[in-house]
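Structure record follows, encoded as C-alpha cells.
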Amino acid sequence: MASSLNGLNDSVSHAATRLPRKSRTSPVKQPQRSYLFPLLLLLTIVLALACAHRENIPDRSTIAIGFFGDLTGPTFNFGISAKNGVLLAADEINQAGGINGHQIDIVIEDDKGSPEEAAIAAGKLIDRYQVVAIVAAGASGNSLAAAPKAQSAHVPLIAPSSTNPAVTQAGDYIFRACFIDAFQGEVMAKFASNSLKAKTAAIMVDYNSPYSRGLSDFFEVSFAKLSGRMVIKQSYQQGDADFRGQLSAIKAADPDVIYIPGYYGDVAIIAKQARQLGLTAPLLGADGWDAPELWELGGDALNGSYISNHYSAKDPAETIQKFVHAYQQHYGNLTPDAHAALAYDALKFLAEAIQKTGTTEGLKLREALAQTKNFAGVTGVISMDRDRNAVKPAVILKLEDGAYVYQETIQP
Ligand code: PHE
C-alpha cells in the first residue's frame with residue numbers, strides 16, 4: 001500500500017514539473033474552442049462505430065497444439081510418420097472450418113529419440129508456445145520423461161503410440177490413443193501358443209528400454225499361463241552392432257519361437273544375424289518393428305516373422321481405406337504405418353474433445369478427454385478407460401517380402 005502511494009506521489013510530482021514547461025515552450029497555436037467540440041464528437045462517433053464493428057467480428061484466433069516426436073535419431077521413422085498423421089488430421093479439420101471456427105496451429109518439436117530431449121520439448125511447447133495440449137509421439141521412454149511436465153502444468157498430453165503402462169500413470173492429464181503392453185504381450189503369447197503351437201520360447205530384450213522390458217515381462221507371464229516354457233533370455237542395448245553372442249546362446253537352447261520386443265533399427269540387424277547363424281525359429285515382435293525403414297535394414301531375413309500391431313493398412317474397412325488414400329495423396333504414395341494412424345486418431349479425438357467442451361482450458365479439456373467414448377478412429381473404436389488408456393483390439397501381421405500380411409484380430 002505504502003509503496004503504491006509513493007509511486008502515485010512520484011508520478012504526480014513529475015507531471016507537475018513537466019506541464020508548465022511544456023506550455024511555456026510549445027510553439028503550436030492552440031485550436032479554437034469552436035473547432036474542438038465537433039472534432040471530439042466526430043472522434044467519439046468513429047470510435048463507437050469501430051467498437052460496434054469489432055463486436056461483430058467473430059474470434060478467429062488459432063488453437064496452438066504441440067507435437068513432439070522422434071524426428072531424428074535411431075527411431076526417426078516413428079516421429080516422421082506421427083508428424084505426417086497429425087498434420088493430415090489438422091489439415092482435414094482446418095479445411096472443414098476448424099474447431100468451433102478456430103483453425104488449428106501445430107507447433108512441432110523434435111525429441112531426437114531421447115528422454116531428456118523429450119522433457120525439454122514438452123517444456124518448450126508449454127512455456128514458450130503456450131500450447132493447449134500436446135501430442136507426444138515418442139517411444140514410451142520419451143513420453144515417460146515428458147509426461148510429468150504436462151501433468152504439473154495441467155496441459156493435457158496424448159501419447160498416440162506409447163504402449164508402456166507407466167506412461168498414463170504420470171497423472172490425470174496424460175492419455176493415450178493405443179492399447180497397453182500388458183495386452184500386447186499377452187496377444188503375442190496367445191498367438192505363439194494357440195496359432196503357432198509353440199511350447200518353448202526365447203526372449204531378446206533391450207534392457208535400457210522401458211517398452212522392451214515391459215513387453216518382455218508381460219509376454220513371459222502370459223506364455224507361462226498358457227503352459228509355455230521360457231528356455232533362455234538374452235539382452236542387448238539400442239544401437240549395438242553385434243548380437244551374435246546372444247543369438248548363438250539362443251540357438252543352443254533351441255526354442256520354438258524367439259520374442260524380440262525391440263525397435264525396428266536393432267531388430268532388423270538381429271534378424272539378419274539370426275538367419276546368418278542358421279536360426280530358423282519364427283521371430284516374434286511387436287509394434288516397435290513397424291516402420292518403412294525395417295525392410296530397408298532387414299530385407300529377406302524378416303520373412304516369416306510375426307508382429308502384433310495397432311492396425312493393418314490392408315484392412316478393407318472404409319474408414320481405414322479413406323485414411324490410407326488421403327495419406328497417400330498427401331505424402332507421395334507412402335503407406336501409413338501404425339504411428340501415422342495413431343497420431344491421426346489422437347489429434348482427431350483431441351479436436352472433438354475441444355469442440356465438445358467449447359474451451360481449451362486445461363481442466364475442462366482433461367475432463368472432456370477422459371470422457372472419450374466410442375470415437376470411430378482409423379485404429380479402431382476409441383474409448384478411454386479409468387486409467388486414460390484406450391481399450392482396443394490388436395492385429396497380428398506376418399512379414400512377407402516387404403509386406404505386412406494380416407493374420408488375425410485379437411479383442412481385449
Ligand atoms: N509402442 C511403442 C512404444 O511405446 C512405440 C510404437 C508405436 C512404435 C507404434 C511403432 C508403432 O515405445
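In the C-alpha cells, chains take the letters A, B, ... in the order shown, each chain's residues start at 1, and ligands count up from 1 in the order shown.
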**Request:** Write out as a list in words each polymer residue (protein, DNA or RNA) that has an atom no more than 6 Å from ligand 1, with only C-alpha atoms and all ligand atoms counted.
**Result:**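 Using only C-alpha atoms and all ligand atoms, I find these residues within 6 Å of ligand 1: Ala139, Ser140, Ser161, Ser162, Thr163, Asn164, Tyr211, Asp287, Gly288, Asp290, Ala338 and His339 of chain A.
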**Asked** Could you write out, as an MDAnalysis selection string, all the residues of stretch 110-168 of chain A that DSSP marks as helix (DSSP H, G or I)?
**Response** chainID A and resid 115:127 140:153 165:168
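Restricting the calculation to only C-alpha atoms, the smallest distance between A:Val135 and any of A:Glu318, A:Asp181, A:Glu109, A:Asp337 is found for A:Glu109.
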**Complete:** In Å and to one decimal, atom CA of A:Phe179 is distant from atom CA of A:Pro412 by 8.8 Å
**Asked** Could you name the residues that touch A:Ser383 at 8 Å or less, counting only C-alpha atoms, but leaving out those on the same chain fewer than 6 positions away, as JSON, numbers by chain?
**Response** {"A": [371, 372, 373, 374, 375, 390, 391]}
**Message:** According to DSSP computed on the backbone, where in stretch 234-384 of chain A is there strand (DSSP E or B)? Give the residues as a PyMOL selection string.
**Reply:** chain A and resi 234-236+257-259+283-285+306-309+375-377+380-382+384
**Request:** Could you check how far atom CA of A:Glu400 sits from atom CA of A:Leu247, in Å to one decimal?
**Result:** 22.2 Å
Do a neighbour search on A:Lys112 at 7 Å with only C-alpha atoms, toss out local chain neighbours closer than 2 positions, and write the hits as a short mmCIF file (atom, residue, chain, number, x, y, z; two decimals) with N, CA and C atoms, in the first residue's frame.
data_model
loop_
_atom_site.label_atom_id
_atom_site.label_comp_id
_atom_site.auth_asym_id
_atom_site.auth_seq_id
_atom_site.Cartn_x
_atom_site.Cartn_y
_atom_site.Cartn_z
N ASP A 70 10.07 -38.45 -32.35
CA ASP A 70 11.45 -38.78 -32.73
C ASP A 70 11.65 -38.42 -34.21
N LEU A 71 11.91 -37.16 -34.49
CA LEU A 71 12.07 -36.75 -35.90
C LEU A 71 13.48 -37.06 -36.41
N THR A 72 14.42 -37.23 -35.48
CA THR A 72 15.78 -37.66 -35.83
C THR A 72 16.17 -38.71 -34.80
N GLY A 73 17.35 -39.31 -34.97
CA GLY A 73 17.80 -40.32 -34.01
C GLY A 73 17.44 -41.72 -34.47
N ASP A 110 11.32 -31.63 -31.98
CA ASP A 110 11.99 -32.92 -32.19
C ASP A 110 12.56 -33.40 -30.85
N SER A 114 15.35 -39.10 -27.60
CA SER A 114 15.96 -39.16 -26.27
C SER A 114 15.00 -38.66 -25.19
N GLU A 117 15.61 -35.01 -24.15
CA GLU A 117 15.13 -34.06 -25.15
C GLU A 117 13.61 -34.00 -25.18
#
